[in-house]
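I have placed the structure first, in the form of C-alpha cells, so that the comments after it can refer back to it.
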Amino acid sequence: MEPPWELELELRRHIETCACTCDHMGYGNYMDYQMAPAAHACLCRALTSPHAHAAVPEGMTFPGPLPDVAERCGRWAPDSLSASASGSSDEKPTPRRPRWRIALAALVVLAALGAALALPLALGGGGRATPEQRLTTIRRMLRDSPLVDGHNDLAWNVRKFLHNKIGDFNLSAGLEGLEPWARSRWSHTDIPRLRLGQVGAQFWSAYVPCGARDRDAVQLALEQMDVIKRIVEMNAAHLALVTDATELLEAHRDGRIASLIGVEGGHALGDSLAVLRAFYQLGARYLTVTHTCDTRWARAAGTSGGLTEFGKAVVREMNRLGMIVDLSHAGEETARDALETSQAPVVFSHSGVAAICNSTRNVPDELLRMIAANGGVVMINFYAKLVTCGERATVEDVVSHINHVRRVAGVEHVGLGAGYDGIDAPPEGLEDVSRYPHLLAELLRDPNWSEDDVRKLAGMNVVRVLQNVERVRDQWRRAAVLPGEETAGARRGDCVYGPA
C-alpha cells in the first residue's frame with residue numbers, strides 16, 4: 001500500500017522521527033521517508049519552480065492535490081540550500097522526506113517532457129501533422145534514402161536548343177532566367193532545382209525520335225549518351241555517373257546526384273544485339289523497347305502484336321548483360337511477352353494507370369499484377385495527359401495513380417518517373433524537379449503511408465530492381481551463358497561485303 005498524498009502533520013512527523021520498524025497502521029516507517037540530500041535538493045529546485053504545474057501533461061491528474069512542496073522540502077528548499085552549502089551545523093537536521101513522493105514527481109516531469117518530444121514524431125506519418133511537419137519529415141528522410149526518378153529528357157532539350165554544344169552551358173547556375181529555357185514549357189530541370197527537390201538519382205534519357213528509325217538512330221543514341229556523360233563530367237561537384245546499385249547509394253552518401261543512362265526507343269539498336277552490348281559498355285542501364293513507333297521485333301502502345309523471337313532474344317540479352325527492360329510505350333502484348341520472357345525484374349520508367357486514365361500509354365491492372373509477380377516497378381509519370389487524360393492535373397491526381405498501383409500490385413512495386421523536360425503540362429504543385437518532396441509530404445497525410453512505405457516509393461524499390469537485375473546477370477555469368485547471336489532478319493538495303 002502506497003502512503004497517501006496527505007497525512008496529518010503530527011502523524012507524519014512521528015513516523016519520520018520514530019526509530020521503530022513497525023508499519024504505523026499501513027503508513028510505513030522512517031525508512032520509507034529517507035532519500036539522499038543531493039537528490040532531494042535537485043527535486044526541490046524543480047518542484048518549487050513556478051513552472052512545475054505547467055509540466056503536467058494535459059489530461060494527466062494526480063490522485064490527490066499536489067503536496068505543499070516548499071513545506072515538504074524542509075531544509076532542502078531553495079532558500080535553505082545556501083545555508084547548508086556554507087557548512088553551518090548549528091541548526092538541528094530535519095528528518096528526511098519520503099522517496100516515493102520524489103520519485104513520483106520525477107516521473108511526472110519526465111512524462112511531460114517525453115510527451116512534448118514524442119508528439120512531432122508521432123504526427124510525422126499521419127494526417128494530424130501540419131504540412132510543414134510532413135515536409136520536414138520528408139526532407140530528413142531524403143537525406144538518408146535516395147529519391148530515384150526514372151526518366152528525364154534534359155539531354156533532348158540540350159540537343160534542340162544547343163545542338164549538343166555545351167561548352168558554355170552552365171547547368172549548375174540554373175536555367176530559369178536563361179533563354180530559351182526560361183520561356184520553354186518543356187524545361188523543368190537544372191541543378192539548383194534538382195537540389196531543392198532532393199533528387200538522389202536520375203535516369204537521364206538518351207531519346208531517339210522515331211524519324212531516325214532505319215536511318216541514323218544508332219548514331220543519335222551514341223551522341224545523346226555522349227552529351228549526358230559530358231554534362232555529368234562538367235558538373236562533377238553535383239553529379240556522378242553510376243552504373244550499378246552500389247555506386248548509386250555511394251554517390252547519394254557523398255552528396256552527389258547519381259546519374260544513370262536509359263536509351264529510349266528500341267529502334268536505336270538498329271536490330272543488332274552487338275549494338276545493345278556496346279550501349280551497355282558505354283553506360284546504358286535500361287532500354288525502352290519501343291517509343292511511339294514499332295520496331296521489327298516489338299509493337300508500340302496502341303498496336304496489336306507482341307515480341308518476335310528476336311525481340312525475346314533482346315530481352316534475354318539484356319538479362320545477361322544486367323540491363324533493365326523498360327516497357328513504357330510498349331503495347332500490351334509486347335509488355336506481356338517481355339514479362340513472360342524476362343528472368344529479371346522489369347520497369348515501366350514513366351507511365352500511369354489505365355484504370356484512372358484509359359490511355360494506351362498507361363498500365364492496365366492485369367499488367368500491374370504481372371509486374372508484382374515479376375518483382376518490377378511502375379514509375380508514375382507526371383504528364384497531365386497521362387494523369388487525368390486532360391490538360392490539367394494536380395498533386396492529388398498523381399497520388400491517385402500511386403495509390404492505385406499500391407492497391408493492385410503492392411507498395412514494393414511503385415516508383416516515380418516524372419518525365420520532366422519531356423512534358424509540357426506538369427501537374428499543379430509539381431511544376432518542376434524541385435517539387436518531389438511536396439508530393440511525398442502529401443502521401444504522409446494518409447495514415448496508410450508509413451515513412452518506410454514512402455522510402456520504397458521514392459527510390460528504394462528501384463534500387464532493389466537494380467540489385468536483382470545485377471544478381472541475375474551474376475548468376476548467368478557464373479553459368480557461362482554466352483552472348484546472343486540472333487538476328488532480326490535481313491532489312492531492305494542490307495549488304496554483305498565480300499573480299500575484293
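If you're wondering about the labels, chains in the C-alpha cells are A, B, ... by order shown, residues count from 1 in each chain, ligands from 1 in order shown.
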
Practice problem: Just the residues within 12 Å of A:Thr388, please, counting only C-alpha atoms, with nothing from its chain fewer than 2 positions along; format it as a PyMOL selection string. | Solution: chain A and resi 352-359+362+381-386+390-401+425-427

Exercise. Record the distance separating atom CA of A:Gly415 and atom CA of A:Val315, expressed in Å with one decimal.
Key: 21.9 Å

I'd like a table as a Markdown table: residues in stretch 245-316 of chain A with an atom no more than 10 Å from stretch 151-172 of chain A, each row giving the shortest atom pair and its distance in Å to one decimal, only C-alpha atoms counted, sorted by chain and rising residue number.
| residue | atom | partner | partner_atom | distance |
| --- | --- | --- | --- | --- |
| A:Leu260 | CA | A:His151 | CA | 9.8 |
| A:Ile261 | CA | A:His151 | CA | 9.3 |
| A:Gly262 | CA | A:His151 | CA | 7.9 |
| A:Glu264 | CA | A:His151 | CA | 9.5 |

Quiz prompt | Nearest to A:Thr341, chosen from A:Gly322, A:Gly306, A:Pro364, A:Gly283, with only C-alpha atoms counted in the distances | solution = A:Gly306

Practice problem: Could you jot down the atom CA of A:Ala373 to atom CA of A:Val199 separation for me, Å, one decimal place? | Solution: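 Rounded to one decimal, the two atoms are 28.3 Å apart.
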
Practice problem: From a DSSP pass on the backbone, collect the residues of stretch 460-489 of chain A flagged as alpha helix (DSSP H) and hand them back as a list of chain:residue names. | Solution: A:Asn461, A:Val462, A:Val463, A:Arg464, A:Val465, A:Leu466, A:Gln467, A:Asn468, A:Val469, A:Glu470, A:Arg471, A:Val472, A:Arg473, A:Asp474, A:Gln475, A:Trp476, A:Arg477, A:Arg478

Take the residues just selected and output them with N, CA and C atoms as an mmCIF file, in the first residue's frame.
data_model
loop_
_atom_site.group_PDB
_atom_site.id
_atom_site.type_symbol
_atom_site.label_atom_id
_atom_site.label_comp_id
_atom_site.auth_asym_id
_atom_site.auth_seq_id
_atom_site.Cartn_x
_atom_site.Cartn_y
_atom_site.Cartn_z
ATOM 1 N N ASN A 461 12.564 1.020 -54.042
ATOM 2 C CA ASN A 461 12.038 -0.032 -54.919
ATOM 3 C C ASN A 461 12.883 -0.155 -56.188
ATOM 4 N N VAL A 462 13.291 0.978 -56.746
ATOM 5 C CA VAL A 462 14.105 0.943 -57.961
ATOM 6 C C VAL A 462 15.516 0.432 -57.649
ATOM 7 N N VAL A 463 16.054 0.818 -56.490
ATOM 8 C CA VAL A 463 17.354 0.275 -56.082
ATOM 9 C C VAL A 463 17.276 -1.247 -55.989
ATOM 10 N N ARG A 464 16.175 -1.748 -55.450
ATOM 11 C CA ARG A 464 16.001 -3.207 -55.364
ATOM 12 C C ARG A 464 15.963 -3.844 -56.746
ATOM 13 N N VAL A 465 15.263 -3.209 -57.696
ATOM 14 C CA VAL A 465 15.223 -3.733 -59.068
ATOM 15 C C VAL A 465 16.637 -3.804 -59.641
ATOM 16 N N LEU A 466 17.404 -2.728 -59.494
ATOM 17 C CA LEU A 466 18.790 -2.726 -59.977
ATOM 18 C C LEU A 466 19.585 -3.870 -59.369
ATOM 19 N N GLN A 467 19.449 -4.046 -58.060
ATOM 20 C CA GLN A 467 20.198 -5.106 -57.375
ATOM 21 C C GLN A 467 19.812 -6.482 -57.900
ATOM 22 N N ASN A 468 18.520 -6.691 -58.148
ATOM 23 C CA ASN A 468 18.080 -8.006 -58.620
ATOM 24 C C ASN A 468 18.441 -8.244 -60.081
ATOM 25 N N VAL A 469 18.433 -7.190 -60.890
ATOM 26 C CA VAL A 469 18.910 -7.320 -62.274
ATOM 27 C C VAL A 469 20.387 -7.711 -62.267
ATOM 28 N N GLU A 470 21.159 -7.093 -61.399
ATOM 29 C CA GLU A 470 22.585 -7.420 -61.288
ATOM 30 C C GLU A 470 22.781 -8.847 -60.751
ATOM 31 N N ARG A 471 21.900 -9.276 -59.865
ATOM 32 C CA ARG A 471 22.007 -10.644 -59.335
ATOM 33 C C ARG A 471 21.782 -11.674 -60.450
ATOM 34 N N VAL A 472 20.769 -11.435 -61.311
ATOM 35 C CA VAL A 472 20.534 -12.342 -62.439
ATOM 36 C C VAL A 472 21.748 -12.331 -63.376
ATOM 37 N N ARG A 473 22.275 -11.148 -63.677
ATOM 38 C CA ARG A 473 23.486 -11.052 -64.506
ATOM 39 C C ARG A 473 24.616 -11.906 -63.930
ATOM 40 N N ASP A 474 24.840 -11.786 -62.627
ATOM 41 C CA ASP A 474 25.937 -12.529 -61.997
ATOM 42 C C ASP A 474 25.685 -14.034 -62.040
ATOM 43 N N GLN A 475 24.447 -14.453 -61.886
ATOM 44 C CA GLN A 475 24.117 -15.876 -61.978
ATOM 45 C C GLN A 475 24.388 -16.405 -63.385
ATOM 46 N N TRP A 476 23.993 -15.645 -64.388
ATOM 47 C CA TRP A 476 24.213 -16.085 -65.768
ATOM 48 C C TRP A 476 25.703 -16.109 -66.097
ATOM 49 N N ARG A 477 26.441 -15.153 -65.499
ATOM 50 C CA ARG A 477 27.883 -15.136 -65.706
ATOM 51 C C ARG A 477 28.514 -16.415 -65.147
ATOM 52 N N ARG A 478 28.102 -16.766 -63.949
ATOM 53 C CA ARG A 478 28.638 -17.988 -63.327
ATOM 54 C C ARG A 478 28.256 -19.228 -64.125
#

Practice problem: Give me, please, the distance in Å between atom CA of A:Met323 and atom CA of A:Ala212, quoted to one decimal. | Solution: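 Value for the atom CA of A:Met323-atom CA of A:Ala212 distance: 23.1 Å.
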
Self-check item: Test item: residues at most 10 Å from A:Ser328, only C-alpha atoms, excluding those fewer than 5 positions along its chain, as a count of residues only
Solution: 23

Quiz item: Which polymer residues have any atom within 9 Å of an atom of A:Ala173, counting only C-alpha atoms, with same-chain residues fewer than 4 positions away left out, as JSON, numbers by chain?
Solution: {"A": [190, 191, 192]}

Self-check item: Option closest in space to A:Arg253, from A:Ala278, A:Ala201, A:Val414, A:Val481 [counting only C-alpha atoms]
Solution: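 Checking each of A:Ala278, A:Ala201, A:Val414, A:Val481 against A:Arg253, counting only C-alpha atoms, the winner is A:Ala201.
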
Quiz prompt | DSSP strand (DSSP E or B) selection over stretch 349-476 of chain A, as a PyMOL selection string | solution = chain A and resi 349-351+353+363+377-380+394+414-416+420+428

Self-check item: Residue contacts of stretch 443-459 of chain A (9 Å, only C-alpha atoms) excluding same-chain residues fewer than 6 positions away, as number ranges by chain
Solution: A: 124-131, 134-135, 137-138, 141-142, 145-149, 200-201, 379, 399, 402, 411-416, 436

Residue subset to file, keeping C-alpha atoms, as a JSON list (two decimals), in the first residue's frame:
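And here's selection-v7.json as it stands now:
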[["chain", "number", "residue", "atom", "x", "y", "z"],
["A", 124, "GLY", "CA", 5.03, 12.71, -38.86],
["A", 125, "GLY", "CA", 3.17, 9.89, -40.62],
["A", 126, "GLY", "CA", -0.40, 10.89, -40.00],
["A", 127, "GLY", "CA", -2.97, 13.38, -41.13],
["A", 128, "ARG", "CA", -2.75, 15.42, -37.88],
["A", 129, "ALA", "CA", 0.68, 16.80, -38.77],
["A", 130, "THR", "CA", 0.91, 20.21, -40.38],
["A", 131, "PRO", "CA", 2.19, 20.47, -43.97],
["A", 134, "ARG", "CA", 5.32, 16.49, -43.03],
["A", 135, "LEU", "CA", 7.72, 18.31, -45.33],
["A", 137, "THR", "CA", 9.93, 14.59, -42.17],
["A", 138, "ILE", "CA", 10.37, 14.05, -45.92],
["A", 141, "MET", "CA", 14.17, 11.06, -44.93],
["A", 142, "LEU", "CA", 15.61, 12.03, -48.33],
["A", 145, "SER", "CA", 17.42, 7.46, -48.52],
["A", 146, "PRO", "CA", 17.68, 8.36, -52.23],
["A", 147, "LEU", "CA", 14.86, 9.68, -54.35],
["A", 148, "VAL", "CA", 15.23, 7.96, -57.74],
["A", 149, "ASP", "CA", 13.42, 9.31, -60.79],
["A", 200, "GLY", "CA", 19.23, 11.36, -55.20],
["A", 201, "ALA", "CA", 19.44, 9.56, -58.53],
["A", 379, "MET", "CA", 7.20, 4.54, -62.12],
["A", 399, "VAL", "CA", -1.32, 10.47, -55.65],
["A", 402, "ILE", "CA", 0.37, 5.94, -56.90],
["A", 411, "VAL", "CA", 3.82, -0.75, -52.24],
["A", 412, "GLU", "CA", 7.00, -2.57, -53.34],
["A", 413, "HIS", "CA", 6.10, -2.07, -57.00],
["A", 414, "VAL", "CA", 5.52, 1.67, -57.41],
["A", 415, "GLY", "CA", 8.03, 4.45, -58.07],
["A", 416, "LEU", "CA", 8.45, 7.87, -59.69],
["A", 436, "TYR", "CA", 9.19, 15.99, -55.37]]

Quiz prompt | Non-local contacts of A:Pro483 (10 Å; only C-alpha atoms; under 6 positions in same chain excluded) as a PyMOL selection string | solution = chain A and resi 273-274+277+316-318+320-321

File of the preceding selection, C-alpha atoms, as a short mmCIF file (atom, residue, chain, number, x, y, z; two decimals), in the first residue's frame:
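Listed below is the output, out.cif:
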data_model
loop_
_atom_site.label_atom_id
_atom_site.label_comp_id
_atom_site.auth_asym_id
_atom_site.auth_seq_id
_atom_site.Cartn_x
_atom_site.Cartn_y
_atom_site.Cartn_z
CA LEU A 273 22.48 -7.30 -80.32
CA ALA A 274 26.05 -6.12 -80.84
CA ARG A 277 26.13 -4.72 -75.92
CA ARG A 316 17.34 -12.33 -72.74
CA GLU A 317 20.48 -10.48 -73.78
CA MET A 318 19.52 -7.60 -71.50
CA ARG A 320 22.59 -11.48 -69.43
CA LEU A 321 24.16 -8.02 -69.53
#
